[in-house]
>>> print(open('work_27.cif').read())   # mmCIF, C-alpha atoms
data_my_file
loop_
_atom_site.label_atom_id
_atom_site.label_comp_id
_atom_site.auth_asym_id
_atom_site.auth_seq_id
_atom_site.Cartn_x
_atom_site.Cartn_y
_atom_site.Cartn_z
CA MET A 1 1.41 44.75 31.18
CA SER A 2 -0.88 43.98 28.28
CA VAL A 3 0.94 45.19 25.16
CA PRO A 4 -1.98 44.79 22.70
CA LEU A 5 -4.39 46.73 24.90
CA THR A 6 -1.83 49.41 25.63
CA LEU A 7 -1.13 49.89 21.90
CA LEU A 8 -4.87 49.99 21.27
CA GLY A 9 -5.18 52.64 23.94
CA LEU A 10 -2.43 54.70 22.32
CA LEU A 11 -4.22 54.38 18.98
CA GLU A 12 -7.39 55.76 20.50
CA ARG A 13 -5.67 59.15 20.69
CA GLU A 14 -5.08 59.31 16.93
CA PRO A 15 -4.18 57.00 14.03
CA SER A 16 -0.43 56.26 14.14
CA HIS A 17 2.42 54.45 12.46
CA GLY A 18 4.09 51.51 14.22
CA TYR A 19 7.18 53.62 14.80
CA ASP A 20 5.22 56.33 16.65
CA LEU A 21 3.46 53.73 18.76
CA LYS A 22 6.74 52.14 19.77
CA ARG A 23 8.24 55.53 20.62
CA ASP A 24 5.29 56.48 22.84
CA TYR A 25 5.07 53.04 24.42
CA ASP A 26 8.77 53.13 25.34
CA ALA A 27 8.54 56.69 26.67
CA TYR A 28 5.58 56.04 28.94
CA PHE A 29 5.43 52.35 29.73
CA GLY A 30 8.53 50.49 28.61
CA ARG A 31 11.40 52.42 30.10
CA ASP A 32 13.28 49.43 31.42
CA LYS A 33 12.03 47.14 28.65
CA PRO A 34 11.61 48.81 25.26
CA LEU A 35 9.16 47.14 22.90
CA PRO A 36 10.87 45.38 19.95
CA PHE A 37 9.73 46.62 16.53
CA GLY A 38 8.88 43.06 15.54
CA GLN A 39 6.44 42.78 18.42
CA VAL A 40 4.80 46.09 17.50
CA TYR A 41 4.09 45.00 13.92
CA ALA A 42 3.06 41.47 14.90
CA THR A 43 0.66 42.90 17.48
CA LEU A 44 -0.78 45.38 14.99
CA ALA A 45 -1.29 42.56 12.48
CA ARG A 46 -3.21 40.51 15.08
CA LEU A 47 -5.27 43.50 16.11
CA ALA A 48 -6.12 44.12 12.44
CA ARG A 49 -7.03 40.45 11.95
CA ASP A 50 -9.40 40.68 14.94
CA GLY A 51 -11.00 43.85 13.61
CA LYS A 52 -9.75 46.06 16.45
CA VAL A 53 -7.62 48.29 14.24
CA MET A 54 -7.87 49.24 10.59
CA PRO A 55 -4.70 49.63 8.53
CA GLY A 56 -4.72 52.60 6.17
CA GLU A 57 -3.52 52.70 2.60
CA ILE A 58 0.15 51.90 2.04
CA GLU A 59 1.88 55.25 1.89
CA PRO A 60 4.61 55.89 -0.68
CA GLY A 61 8.22 55.65 0.52
CA ALA A 62 10.74 53.10 1.70
CA GLY A 63 10.77 50.87 4.82
CA PRO A 64 8.11 48.77 6.49
CA ASP A 65 6.47 51.62 8.34
CA ARG A 66 4.20 52.92 5.62
CA LYS A 67 0.85 52.08 7.12
CA ARG A 68 -1.05 54.23 9.55
CA TYR A 69 -3.34 52.26 11.88
CA ALA A 70 -6.64 53.55 13.23
CA ILE A 71 -8.66 52.07 16.08
CA THR A 72 -12.10 50.60 15.22
CA GLU A 73 -15.30 50.69 17.30
CA VAL A 74 -14.56 47.10 18.46
CA GLY A 75 -11.08 48.18 19.57
CA ARG A 76 -12.44 51.28 21.29
CA SER A 77 -14.95 49.30 23.35
CA GLU A 78 -12.24 46.81 24.29
CA VAL A 79 -10.06 49.64 25.62
CA GLU A 80 -13.08 51.09 27.41
CA ALA A 81 -13.83 47.75 29.09
CA TRP A 82 -10.20 47.13 30.01
CA LEU A 83 -9.74 50.54 31.59
CA SER A 84 -12.87 50.21 33.69
CA GLU A 85 -11.92 46.80 35.13
CA PRO A 86 -9.76 46.56 38.21
CA VAL A 87 -6.65 44.40 38.10
CA GLU A 88 -7.15 41.29 40.18
CA ALA A 89 -6.17 42.11 43.75
CA GLU A 90 -4.54 38.85 44.66
CA PRO A 91 -2.14 38.47 47.53
CA HIS A 92 1.17 37.27 46.12
CA LEU A 93 1.89 34.91 48.98
CA GLN A 94 3.88 32.43 46.96
CA THR A 95 6.58 34.90 46.18
CA VAL A 96 10.23 34.21 46.67
CA LEU A 97 10.19 36.21 49.92
CA PHE A 98 7.63 33.89 51.44
CA VAL A 99 9.43 30.77 50.22
CA LYS A 100 12.77 31.95 51.57
CA VAL A 101 11.37 32.69 55.03
CA VAL A 102 9.49 29.39 55.35
CA LEU A 103 12.41 27.38 53.99
CA SER A 104 14.85 29.12 56.34
CA LEU A 105 12.60 28.23 59.28
CA MET A 106 12.19 24.65 58.08
CA LEU A 107 15.93 24.23 57.67
CA GLY A 108 16.78 25.86 60.99
CA ARG A 109 18.61 28.74 59.29
CA SER A 110 18.36 32.35 60.41
CA ALA A 111 15.21 33.75 58.85
CA GLU A 112 15.84 36.95 60.77
CA ARG A 113 19.18 37.48 59.04
CA TYR A 114 17.53 36.87 55.69
CA LEU A 115 14.75 39.35 56.50
CA ASP A 116 17.31 41.97 57.53
CA THR A 117 19.24 41.48 54.30
CA GLN A 118 16.02 41.73 52.32
CA ARG A 119 14.99 44.82 54.25
CA ALA A 120 18.32 46.46 53.39
CA ALA A 121 17.88 45.60 49.70
CA HIS A 122 14.34 47.00 49.71
CA LEU A 123 15.45 50.20 51.44
CA GLN A 124 18.32 50.60 49.00
CA ARG A 125 15.89 50.32 46.07
CA MET A 126 13.54 52.77 47.79
CA ARG A 127 16.43 55.22 48.12
CA GLU A 128 17.12 54.90 44.39
CA LEU A 129 13.47 55.43 43.50
CA THR A 130 13.27 58.43 45.83
CA GLU A 131 16.30 59.89 44.06
CA LEU A 132 14.64 59.23 40.69
CA LYS A 133 11.58 61.09 41.92
CA ARG A 134 13.64 64.02 43.13
CA MET A 135 15.64 64.36 39.93
CA GLY A 136 13.13 63.26 37.29
CA GLY A 137 9.91 64.60 35.88
CA SER A 138 6.34 63.88 36.89
CA ILE A 139 6.09 60.67 34.81
CA ASP A 140 9.23 59.40 36.56
CA ALA A 141 7.66 60.30 39.89
CA LEU A 142 4.48 58.42 39.01
CA LEU A 143 6.43 55.27 38.18
CA ALA A 144 8.73 55.63 41.18
CA ASP A 145 5.74 56.06 43.51
CA HIS A 146 4.20 52.83 42.29
CA GLY A 147 7.44 51.01 43.03
CA LEU A 148 7.84 52.76 46.39
CA PHE A 149 4.37 51.82 47.61
CA HIS A 150 4.86 48.19 46.61
CA LEU A 151 8.24 48.02 48.29
CA GLU A 152 6.74 49.65 51.35
CA ALA A 153 4.02 46.99 51.46
CA ASP A 154 6.70 44.30 51.29
CA LEU A 155 8.59 45.99 54.08
CA ARG A 156 5.53 46.01 56.30
CA TRP A 157 5.17 42.31 55.65
CA ILE A 158 8.88 41.84 56.44
CA ASP A 159 8.50 43.74 59.73
CA LEU A 160 5.44 41.80 60.75
CA THR A 161 7.04 38.50 59.80
CA ALA A 162 10.19 39.39 61.75
CA ALA A 163 8.02 40.09 64.79
CA ARG A 164 6.27 36.73 64.41
CA LEU A 165 9.30 34.56 63.70
CA TYR A 166 9.12 32.70 66.98
CA SER A 167 5.55 31.50 66.52
CA LEU A 168 6.12 30.89 62.79
CA ALA A 169 9.07 28.64 63.60
CA GLU A 170 6.85 26.63 65.92
CA ALA A 171 4.17 26.32 63.23
CA VAL A 172 6.68 25.19 60.59
CA GLU A 173 8.30 22.65 62.91
CA ALA A 174 4.97 21.25 64.05
CA MET B 1 35.50 71.78 82.35
CA SER B 2 37.95 70.37 79.83
CA ALA B 3 36.54 67.96 77.31
CA ALA B 4 37.64 64.39 77.91
CA LYS B 5 39.17 62.55 74.99
CA PRO B 6 36.80 60.11 73.33
CA PRO B 7 37.50 56.44 73.89
CA ALA B 8 39.91 54.88 71.46
CA GLY B 9 38.34 54.24 68.09
CA LEU B 10 35.55 56.74 68.33
CA GLY B 11 37.36 59.77 66.93
CA ASN B 12 39.03 57.75 64.21
CA ARG B 13 35.80 56.87 62.51
CA GLY B 14 35.15 60.54 61.88
CA CYS B 15 31.76 60.53 63.57
CA LEU B 16 30.11 63.70 64.79
CA ILE B 17 27.75 62.13 67.28
CA GLU B 18 27.76 58.72 68.89
CA ALA B 19 25.92 56.64 71.45
CA ARG B 20 27.95 53.90 73.04
CA ASP B 21 26.34 50.99 74.80
CA VAL B 22 23.54 53.18 76.12
CA VAL B 23 21.12 51.73 78.67
CA ARG B 24 18.03 53.71 79.66
CA SER B 25 14.95 52.63 81.59
CA PHE B 26 11.73 54.34 82.55
CA GLY B 27 11.02 53.07 86.06
CA GLU B 28 11.24 49.31 85.79
CA THR B 29 10.75 49.30 82.02
CA PRO B 30 13.94 49.15 79.97
CA ALA B 31 13.83 51.25 76.77
CA LEU B 32 17.45 50.93 75.63
CA ARG B 33 19.55 47.88 76.50
CA GLY B 34 23.02 48.71 75.22
CA ALA B 35 22.34 50.77 72.10
CA SER B 36 25.31 51.96 70.03
CA VAL B 37 25.19 54.12 66.93
CA SER B 38 27.42 56.71 65.30
CA VAL B 39 26.61 59.42 62.78
CA ALA B 40 29.13 60.97 60.40
CA PRO B 41 29.26 64.73 59.78
CA GLY B 42 26.80 65.71 57.06
CA GLU B 43 25.14 62.31 57.11
CA VAL B 44 21.37 61.83 57.10
CA LEU B 45 20.68 58.82 59.33
CA ALA B 46 17.26 57.25 59.73
CA ILE B 47 16.53 55.40 62.96
CA MET B 48 13.72 52.96 62.31
CA GLY B 49 11.96 50.39 64.41
CA PRO B 50 8.55 49.29 65.63
CA SER B 51 6.55 51.27 68.19
CA GLY B 52 8.07 50.98 71.64
CA SER B 53 11.42 49.72 70.33
CA GLY B 54 13.28 52.64 71.91
CA LYS B 55 14.04 54.69 68.78
CA SER B 56 12.75 57.99 70.18
CA THR B 57 14.53 57.35 73.48
CA LEU B 58 17.75 56.86 71.53
CA LEU B 59 17.20 60.16 69.70
CA HIS B 60 16.53 61.95 72.98
CA CYS B 61 19.71 60.48 74.48
CA LEU B 62 21.78 61.49 71.43
CA ALA B 63 20.38 65.01 71.71
CA GLY B 64 21.17 65.25 75.42
CA ILE B 65 17.48 65.64 76.32
CA LEU B 66 17.52 62.36 78.25
CA LEU B 67 20.51 61.05 80.17
CA PRO B 68 21.46 57.39 79.85
CA GLY B 69 21.46 55.15 82.94
CA SER B 70 24.79 53.85 81.69
CA GLY B 71 26.81 54.16 78.52
CA GLU B 72 28.20 57.26 76.82
CA ILE B 73 27.05 59.97 74.43
CA TRP B 74 29.68 61.87 72.45
CA PHE B 75 29.29 64.97 70.32
CA ASP B 76 32.23 66.31 68.34
CA GLY B 77 34.77 64.83 70.74
CA ARG B 78 32.93 65.94 73.88
CA ARG B 79 31.19 63.68 76.33
CA LEU B 80 27.61 64.93 76.43
CA ASP B 81 26.16 62.82 79.21
CA THR B 82 28.65 63.88 81.89
CA MET B 83 28.43 67.62 81.21
CA ARG B 84 26.77 69.96 83.67
CA GLU B 85 23.16 70.63 82.72
CA GLU B 86 23.84 74.30 81.85
CA GLU B 87 26.66 73.31 79.55
CA ARG B 88 24.53 70.65 77.86
CA SER B 89 21.66 73.06 77.49
CA ALA B 90 23.95 75.66 75.87
CA LEU B 91 25.29 73.01 73.51
CA ARG B 92 21.76 72.00 72.54
CA ARG B 93 20.84 75.62 71.92
CA ASP B 94 23.98 76.44 69.90
CA HIS B 95 24.49 73.27 67.90
CA PHE B 96 21.27 71.26 67.77
CA GLY B 97 17.95 71.86 66.02
CA PHE B 98 14.75 69.93 66.59
CA VAL B 99 11.63 69.01 64.64
CA PHE B 100 8.92 66.92 66.27
CA GLN B 101 5.86 65.10 64.98
CA PHE B 102 3.45 67.89 65.83
CA GLY B 103 5.22 71.14 64.94
CA GLN B 104 4.92 72.32 68.56
CA LEU B 105 4.90 75.96 67.59
CA VAL B 106 4.34 78.52 70.32
CA PRO B 107 0.68 79.43 69.67
CA GLU B 108 0.98 82.99 71.00
CA LEU B 109 3.76 83.85 68.53
CA SER B 110 3.51 84.56 64.81
CA ALA B 111 5.10 82.10 62.38
CA GLU B 112 8.11 84.36 61.83
CA GLU B 113 8.58 84.82 65.59
CA ASN B 114 8.49 81.05 65.99
CA VAL B 115 11.20 80.65 63.37
CA ALA B 116 13.31 83.40 64.95
CA LEU B 117 13.07 81.83 68.41
CA PRO B 118 16.38 79.88 68.42
CA LEU B 119 18.22 82.99 67.24
CA LEU B 120 16.59 85.15 69.92
CA LEU B 121 17.47 82.59 72.59
CA GLY B 122 21.03 82.60 71.25
CA GLY B 123 21.27 86.36 71.85
CA VAL B 124 20.71 87.65 68.30
CA ARG B 125 19.00 91.07 68.16
CA ARG B 126 15.26 90.90 67.42
CA THR B 127 15.34 92.81 64.10
CA GLU B 128 18.24 90.71 62.86
CA ALA B 129 16.62 87.46 64.01
CA LEU B 130 13.33 88.30 62.33
CA HIS B 131 15.13 89.31 59.15
CA GLU B 132 16.93 85.98 59.04
CA ALA B 133 13.71 84.12 59.89
CA ARG B 134 11.86 85.75 56.98
CA THR B 135 14.38 84.44 54.44
CA TRP B 136 13.12 80.93 55.23
CA PHE B 137 9.52 81.60 54.26
CA GLU B 138 10.23 82.03 50.57
CA ARG B 139 12.61 79.11 50.62
CA LEU B 140 10.08 76.71 52.12
CA GLY B 141 7.13 77.91 50.05
CA LEU B 142 5.58 79.75 52.98
CA ALA B 143 5.61 83.32 51.68
CA GLY B 144 2.60 85.21 53.00
CA THR B 145 2.23 83.21 56.22
CA GLU B 146 4.84 85.17 58.21
CA GLN B 147 2.24 86.79 60.48
CA HIS B 148 0.00 83.73 60.88
CA ARG B 149 -0.45 82.04 64.22
CA SER B 150 -0.18 78.24 64.34
CA GLY B 151 -3.98 77.91 64.45
CA GLU B 152 -4.24 79.69 61.11
CA MET B 153 -1.98 77.28 59.26
CA SER B 154 -2.43 73.80 57.79
CA GLY B 155 -0.50 70.90 59.30
CA GLY B 156 1.98 70.96 56.42
CA GLN B 157 2.55 74.70 56.73
CA ALA B 158 3.04 74.47 60.50
CA GLN B 159 5.52 71.63 60.05
CA ARG B 160 7.49 73.66 57.50
CA VAL B 161 7.59 76.55 59.99
CA ALA B 162 8.86 74.08 62.61
CA LEU B 163 11.48 72.91 60.11
CA ALA B 164 12.61 76.48 59.49
CA ARG B 165 12.84 76.97 63.27
CA GLY B 166 14.93 73.81 63.53
CA LEU B 167 17.39 74.96 60.86
CA VAL B 168 17.45 78.76 61.19
CA ALA B 169 20.41 78.84 63.58
CA ARG B 170 22.39 76.57 61.22
CA PRO B 171 22.76 73.78 63.77
CA ARG B 172 25.43 71.11 63.41
CA VAL B 173 22.77 68.42 63.97
CA LEU B 174 19.04 68.42 63.27
CA PHE B 175 17.08 65.89 65.30
CA ALA B 176 13.76 65.00 63.71
CA ASP B 177 11.34 62.74 65.56
CA GLU B 178 8.64 61.43 63.18
CA PRO B 179 8.58 64.80 61.34
CA THR B 180 5.93 63.60 58.88
CA GLY B 181 3.95 61.46 61.31
CA SER B 182 0.93 63.74 61.34
CA LEU B 183 0.92 64.62 57.64
CA ASP B 184 -0.62 63.01 54.57
CA SER B 185 1.76 61.32 52.10
CA LEU B 186 2.06 64.22 49.70
CA THR B 187 2.66 66.86 52.37
CA GLY B 188 5.01 64.52 54.21
CA GLU B 189 7.02 64.12 51.06
CA LEU B 190 7.28 67.87 50.59
CA VAL B 191 8.46 68.30 54.18
CA MET B 192 11.09 65.55 53.77
CA GLU B 193 12.26 67.01 50.48
CA LEU B 194 12.76 70.39 52.16
CA LEU B 195 14.24 68.91 55.34
CA VAL B 196 16.88 66.89 53.53
CA GLY B 197 17.50 69.54 50.84
CA ALA B 198 18.01 72.42 53.28
CA SER B 199 20.10 70.31 55.66
CA ARG B 200 22.43 69.18 52.89
CA GLU B 201 22.71 72.73 51.59
CA GLN B 202 24.02 74.00 54.91
CA GLY B 203 25.92 70.84 55.88
CA THR B 204 23.67 69.97 58.81
CA THR B 205 23.81 66.37 59.99
CA VAL B 206 20.35 64.84 60.38
CA VAL B 207 19.21 62.18 62.83
CA LEU B 208 15.72 61.17 61.81
CA VAL B 209 13.40 58.85 63.70
CA THR B 210 10.67 57.30 61.60
CA HIS B 211 8.67 54.12 61.28
CA GLU B 212 7.88 54.87 57.63
CA ALA B 213 10.18 53.32 55.03
CA ARG B 214 9.23 55.97 52.48
CA VAL B 215 10.52 58.64 54.84
CA ALA B 216 13.65 56.65 55.69
CA ALA B 217 14.38 56.38 51.96
CA TYR B 218 15.42 60.05 52.02
CA ALA B 219 18.29 59.16 54.38
CA ASP B 220 21.80 58.06 53.44
CA ARG B 221 21.65 55.12 55.83
CA GLU B 222 19.21 53.36 58.16
CA VAL B 223 19.59 51.56 61.44
CA ILE B 224 16.88 49.63 63.20
CA VAL B 225 16.21 49.72 66.92
CA ARG B 226 14.88 46.41 68.10
CA ASP B 227 14.32 45.55 71.75
CA GLY B 228 16.44 48.51 72.81
CA LYS B 229 19.44 47.61 70.67
CA VAL B 230 20.60 48.98 67.33
CA THR B 231 20.93 46.74 64.30
CA ALA B 232 22.78 48.19 61.33
CA LEU B 233 21.50 46.93 58.01
CA ALA B 234 23.98 45.63 55.48
CA ALA B 235 25.57 48.55 53.62
CA ASP B 236 25.67 46.71 50.32
CA PRO B 237 23.09 43.99 50.28
CA VAL B 238 23.52 41.37 47.62
CA VAL B 239 20.24 40.91 45.78
CA THR B 240 19.59 37.34 44.70
#
>>> encode(input="work_27.cif", output="structure tokens")
Amino acid sequence: MSVPLTLLGLLEREPSHGYDLKRDYDAYFGRDKPLPFGQVYATLARLARDGKVMPGEIEPGAGPDRKRYAITEVGRSEVEAWLSEPVEAEPHLQTVLFVKVVLSLMLGRSAERYLDTQRAAHLQRMRELTELKRMGGSIDALLADHGLFHLEADLRWIDLTAARLYSLAEAVEA
Amino acid sequence: MSAAKPPAGLGNRGCLIEARDVVRSFGETPALRGASVSVAPGEVLAIMGPSGSGKSTLLHCLAGILLPGSGEIWFDGRRLDTMREEERSALRRDHFGFVFQFGQLVPELSAEENVALPLLLGGVRRTEALHEARTWFERLGLAGTEQHRSGEMSGGQAQRVALARGLVARPRVLFADEPTGSLDSLTGELVMELLVGASREQGTTVVLVTHEARVAAYADREVIVRDGKVTALAADPVVT
């Protein structure tokens, strides 16, 4: 998740205070990991330094949040470019799943048992996300779906790997 | 015929339906090689497994559609596989509901007649059966399709009609074999939502065969059929 670009994107809607940006970021993108205030202001300061946002006049009142930030043309074209680029579609082969399977095979341990345990953990998480979808709103469903499809992809890999364990063991031992 | 007592241990676990060490072959090809599984009342169980693993054969054995070569099938304390065919057929009609991959609606009948079918076969009067059937159309978002034939409905609509048919007689167990297999993700999700929601509402136990993890995630528990045997996944996996 790119915090600066996401905040820039939020600013493209309308000029906002740091507090409003944090609130919207947390509501839409940072549910499990709220954005610290310090990071919001530090990011806004960097964006201002780079000419991507423009701080407004200091408004009267107490507290640090007295500036309203507006996106600049530079910032707008950066958001435009970012949103039109795909995220790199790399296969995450070196994940812990892969390492655990290969190491189990190398060490003569039961990779099948590990895969079954992993499958159960994945299915349990999928059940939780399905419940979240059923009980939550459409933003919850959107997030849950993303998780569900990724977990499903892992599960397909787990199934295929389980079916190939015999030949994989031979390859690892060779 | 008096119902035999279940073998020791079976009744104590409070299961409604159980396969015990079931072996079933088709000709020379073994499909199940000692499969055991039990389902608790009100539970939604997903049977998963790769193609050809024997998961549908297990469902058909549990439902008394196929008879095992050896092993036992129990339903509510009664041995299903040794019953006379008429008795088994009556039990299926009175206590079991079915949903298959392709709705398998009777094309000559209207949607509401399809839904009413299990009630009509169970001896309910036609007007009463159709009245009960119609209550399902609103519930499943099908209002207005009561008079449609299967050819006039989308896949998702037809599958919801099939679901209503499977549940209309308030069966003790609903057997669902790849109920979303022919549907796109969004429609499949809607069907699963309704299937699980309606079953829980009326306390129907569900045995669901699927190869899709997203569908299985609607269940309370999953088992995997592999090489004709059932593997239960850890109930509480420890994530590291």
>>> closest_atom_pairs(input="work_27.cif", of="chain B", to="chain A", cutoff="12 Å", atoms="only C-alpha atoms", output="JSON lines")
{"residue": "B:Ala46", "atom": "CA", "partner": "A:Leu123", "partner_atom": "CA", "distance": 11.0}
{"residue": "B:Met48", "atom": "CA", "partner": "A:Asp159", "partner_atom": "CA", "distance": 10.9}
{"residue": "B:Gly49", "atom": "CA", "partner": "A:Asp159", "partner_atom": "CA", "distance": 8.8}
{"residue": "B:Pro50", "atom": "CA", "partner": "A:Asp159", "partner_atom": "CA", "distance": 8.1}
{"residue": "B:Ser51", "atom": "CA", "partner": "A:Asp159", "partner_atom": "CA", "distance": 11.5}
{"residue": "B:Ser53", "atom": "CA", "partner": "A:Ala163", "partner_atom": "CA", "distance": 11.6}
{"residue": "B:Ser185", "atom": "CA", "partner": "A:Phe149", "partner_atom": "CA", "distance": 10.8}
{"residue": "B:Leu186", "atom": "CA", "partner": "A:Asp145", "partner_atom": "CA", "distance": 10.9}
{"residue": "B:Glu189", "atom": "CA", "partner": "A:Thr130", "partner_atom": "CA", "distance": 9.9}
{"residue": "B:Leu190", "atom": "CA", "partner": "A:Arg134", "partner_atom": "CA", "distance": 10.5}
{"residue": "B:Met192", "atom": "CA", "partner": "A:Thr130", "partner_atom": "CA", "distance": 10.9}
{"residue": "B:Glu193", "atom": "CA", "partner": "A:Arg134", "partner_atom": "CA", "distance": 8.1}
{"residue": "B:Leu194", "atom": "CA", "partner": "A:Arg134", "partner_atom": "CA", "distance": 11.1}
{"residue": "B:Val196", "atom": "CA", "partner": "A:Arg134", "partner_atom": "CA", "distance": 11.3}
{"residue": "B:Gly197", "atom": "CA", "partner": "A:Arg134", "partner_atom": "CA", "distance": 10.2}
{"residue": "B:His211", "atom": "CA", "partner": "A:Arg156", "partner_atom": "CA", "distance": 10.0}
{"residue": "B:Glu212", "atom": "CA", "partner": "A:Glu152", "partner_atom": "CA", "distance": 8.2}
{"residue": "B:Ala213", "atom": "CA", "partner": "A:Glu152", "partner_atom": "CA", "distance": 6.2}
{"residue": "B:Arg214", "atom": "CA", "partner": "A:Glu152", "partner_atom": "CA", "distance": 6.9}
{"residue": "B:Val215", "atom": "CA", "partner": "A:Thr130", "partner_atom": "CA", "distance": 9.4}
{"residue": "B:Ala216", "atom": "CA", "partner": "A:Leu123", "partner_atom": "CA", "distance": 7.9}
{"residue": "B:Ala217", "atom": "CA", "partner": "A:Arg127", "partner_atom": "CA", "distance": 4.5}
{"residue": "B:Tyr218", "atom": "CA", "partner": "A:Arg127", "partner_atom": "CA", "distance": 6.3}
{"residue": "B:Ala219", "atom": "CA", "partner": "A:Arg127", "partner_atom": "CA", "distance": 7.6}
{"residue": "B:Asp220", "atom": "CA", "partner": "A:Arg127", "partner_atom": "CA", "distance": 8.1}
{"residue": "B:Arg221", "atom": "CA", "partner": "A:Gln124", "partner_atom": "CA", "distance": 8.8}
{"residue": "B:Glu222", "atom": "CA", "partner": "A:Leu123", "partner_atom": "CA", "distance": 8.3}
{"residue": "B:Val223", "atom": "CA", "partner": "A:Ala120", "partner_atom": "CA", "distance": 9.6}
{"residue": "B:Ile224", "atom": "CA", "partner": "A:Asp116", "partner_atom": "CA", "distance": 9.5}
{"residue": "B:Arg226", "atom": "CA", "partner": "A:Ala163", "partner_atom": "CA", "distance": 9.9}
{"residue": "B:Asp227", "atom": "CA", "partner": "A:Ala163", "partner_atom": "CA", "distance": 10.9}
{"residue": "B:Thr231", "atom": "CA", "partner": "A:Asp116", "partner_atom": "CA", "distance": 9.0}
{"residue": "B:Ala232", "atom": "CA", "partner": "A:Asp116", "partner_atom": "CA", "distance": 9.1}
{"residue": "B:Leu233", "atom": "CA", "partner": "A:Ala120", "partner_atom": "CA", "distance": 5.6}
{"residue": "B:Ala234", "atom": "CA", "partner": "A:Ala120", "partner_atom": "CA", "distance": 6.1}
{"residue": "B:Ala235", "atom": "CA", "partner": "A:Ala120", "partner_atom": "CA", "distance": 7.5}
{"residue": "B:Asp236", "atom": "CA", "partner": "A:Ala121", "partner_atom": "CA", "distance": 7.9}
{"residue": "B:Pro237", "atom": "CA", "partner": "A:Ala121", "partner_atom": "CA", "distance": 5.5}
{"residue": "B:Val238", "atom": "CA", "partner": "A:Ala121", "partner_atom": "CA", "distance": 7.4}
{"residue": "B:Val239", "atom": "CA", "partner": "A:Ala121", "partner_atom": "CA", "distance": 6.6}
{"residue": "B:Thr240", "atom": "CA", "partner": "A:Gln118", "partner_atom": "CA", "distance": 9.5}
>>> atom_distance(input="work_27.cif", atom1="atom CA of Glu72 of chain B", atom2="atom CA of Val99 of chain B")
23.7 Å
>>> resolve_selection(input="work_27.cif", expression="the PyMOL selection byres ((chain B and resi 26-29) around 12)", output="PyMOL selection string")
chain B and resi 23-25+30-33+52-54+57+66-69+227-228
>>> closest_residue(input="work_27.cif", among="B:Leu105, B:Leu195, B:Val207, B:Ala116", to="Met153 of chain B", atoms="all atoms listed in the file")
B:Leu105
>>> closest_residue(input="work_27.cif", among="A:Gly38, A:Arg66, A:Tyr166, A:Asp154", to="Thr95 of chain A", atoms="only C-alpha atoms")
A:Asp154
>>> closest_residue(input="work_27.cif", among="B:Val22, B:Ala133, B:Leu183, B:Leu62", to="Arg170 of chain B", atoms="all atoms listed in the file")
B:Ala133
>>> atom_distance(input="work_27.cif", atom1="atom CA of Val39 of chain B", atom2="atom CA of Glu18 of chain B")
6.3 Å
>>> resolve_selection(input="work_27.cif", expression="the PyMOL selection byres ((chain B and resi 143) around 12)", output="list in words")
Ala111, Glu112, Ala133, Arg134, Thr135, Trp136, Phe137, Glu138, Arg139, Leu140, Gly141, Leu142, Gly144, Thr145, Glu146, Gln147, His148, Gln157, Arg160 and Val161 of chain B
>>> write_last_selection(input="work_27.cif", atoms="C-alpha atoms", output="PDB file, in the coordinates of the input")
ATOM      1  CA  ALA B 111       5.100  82.100  62.380  1.00  0.00           C
ATOM      2  CA  GLU B 112       8.110  84.360  61.830  1.00  0.00           C
ATOM      3  CA  ALA B 133      13.710  84.120  59.890  1.00  0.00           C
ATOM      4  CA  ARG B 134      11.860  85.750  56.980  1.00  0.00           C
ATOM      5  CA  THR B 135      14.380  84.440  54.440  1.00  0.00           C
ATOM      6  CA  TRP B 136      13.120  80.930  55.230  1.00  0.00           C
ATOM      7  CA  PHE B 137       9.520  81.600  54.260  1.00  0.00           C
ATOM      8  CA  GLU B 138      10.230  82.030  50.570  1.00  0.00           C
ATOM      9  CA  ARG B 139      12.610  79.110  50.620  1.00  0.00           C
ATOM     10  CA  LEU B 140      10.080  76.710  52.120  1.00  0.00           C
ATOM     11  CA  GLY B 141       7.130  77.910  50.050  1.00  0.00           C
ATOM     12  CA  LEU B 142       5.580  79.750  52.980  1.00  0.00           C
ATOM     13  CA  GLY B 144       2.600  85.210  53.000  1.00  0.00           C
ATOM     14  CA  THR B 145       2.230  83.210  56.220  1.00  0.00           C
ATOM     15  CA  GLU B 146       4.840  85.170  58.210  1.00  0.00           C
ATOM     16  CA  GLN B 147       2.240  86.790  60.480  1.00  0.00           C
ATOM     17  CA  HIS B 148       0.000  83.730  60.880  1.00  0.00           C
ATOM     18  CA  GLN B 157       2.550  74.700  56.730  1.00  0.00           C
ATOM     19  CA  ARG B 160       7.490  73.660  57.500  1.00  0.00           C
ATOM     20  CA  VAL B 161       7.590  76.550  59.990  1.00  0.00           C
TER      21      VAL B 161
END
>>> closest_residue(input="work_27.cif", among="A:Val53, A:Ala42, A:Ser138, A:Thr161", to="Leu97 of chain A", atoms="only C-alpha atoms")
A:Thr161
>>> residues_around(input="work_27.cif", residues="Phe29 of chain A", least_positions_apart="2", cutoff="12 Å", atoms="all atoms listed in the file", output="list of chain:residue names")
A:Met1, A:Ser2, A:Val3, A:Thr6, A:Leu7, A:Leu10, A:Leu21, A:Lys22, A:Arg23, A:Asp24, A:Tyr25, A:Asp26, A:Ala27, A:Arg31, A:Asp32, A:Lys33, A:Pro34, A:Leu35, A:Ile139, A:Asp140, A:Leu142, A:Leu143
>>> resolve_selection(input="work_27.cif", expression="the PyMOL selection byres ((chain A and resi 169) around 10)", output="list of chain:residue names")
A:Val101, A:Val102, A:Ser104, A:Leu105, A:Met106, A:Gly108, A:Ala111, A:Arg164, A:Leu165, A:Tyr166, A:Ser167, A:Leu168, A:Glu170, A:Ala171, A:Val172, A:Glu173, A:Ala174
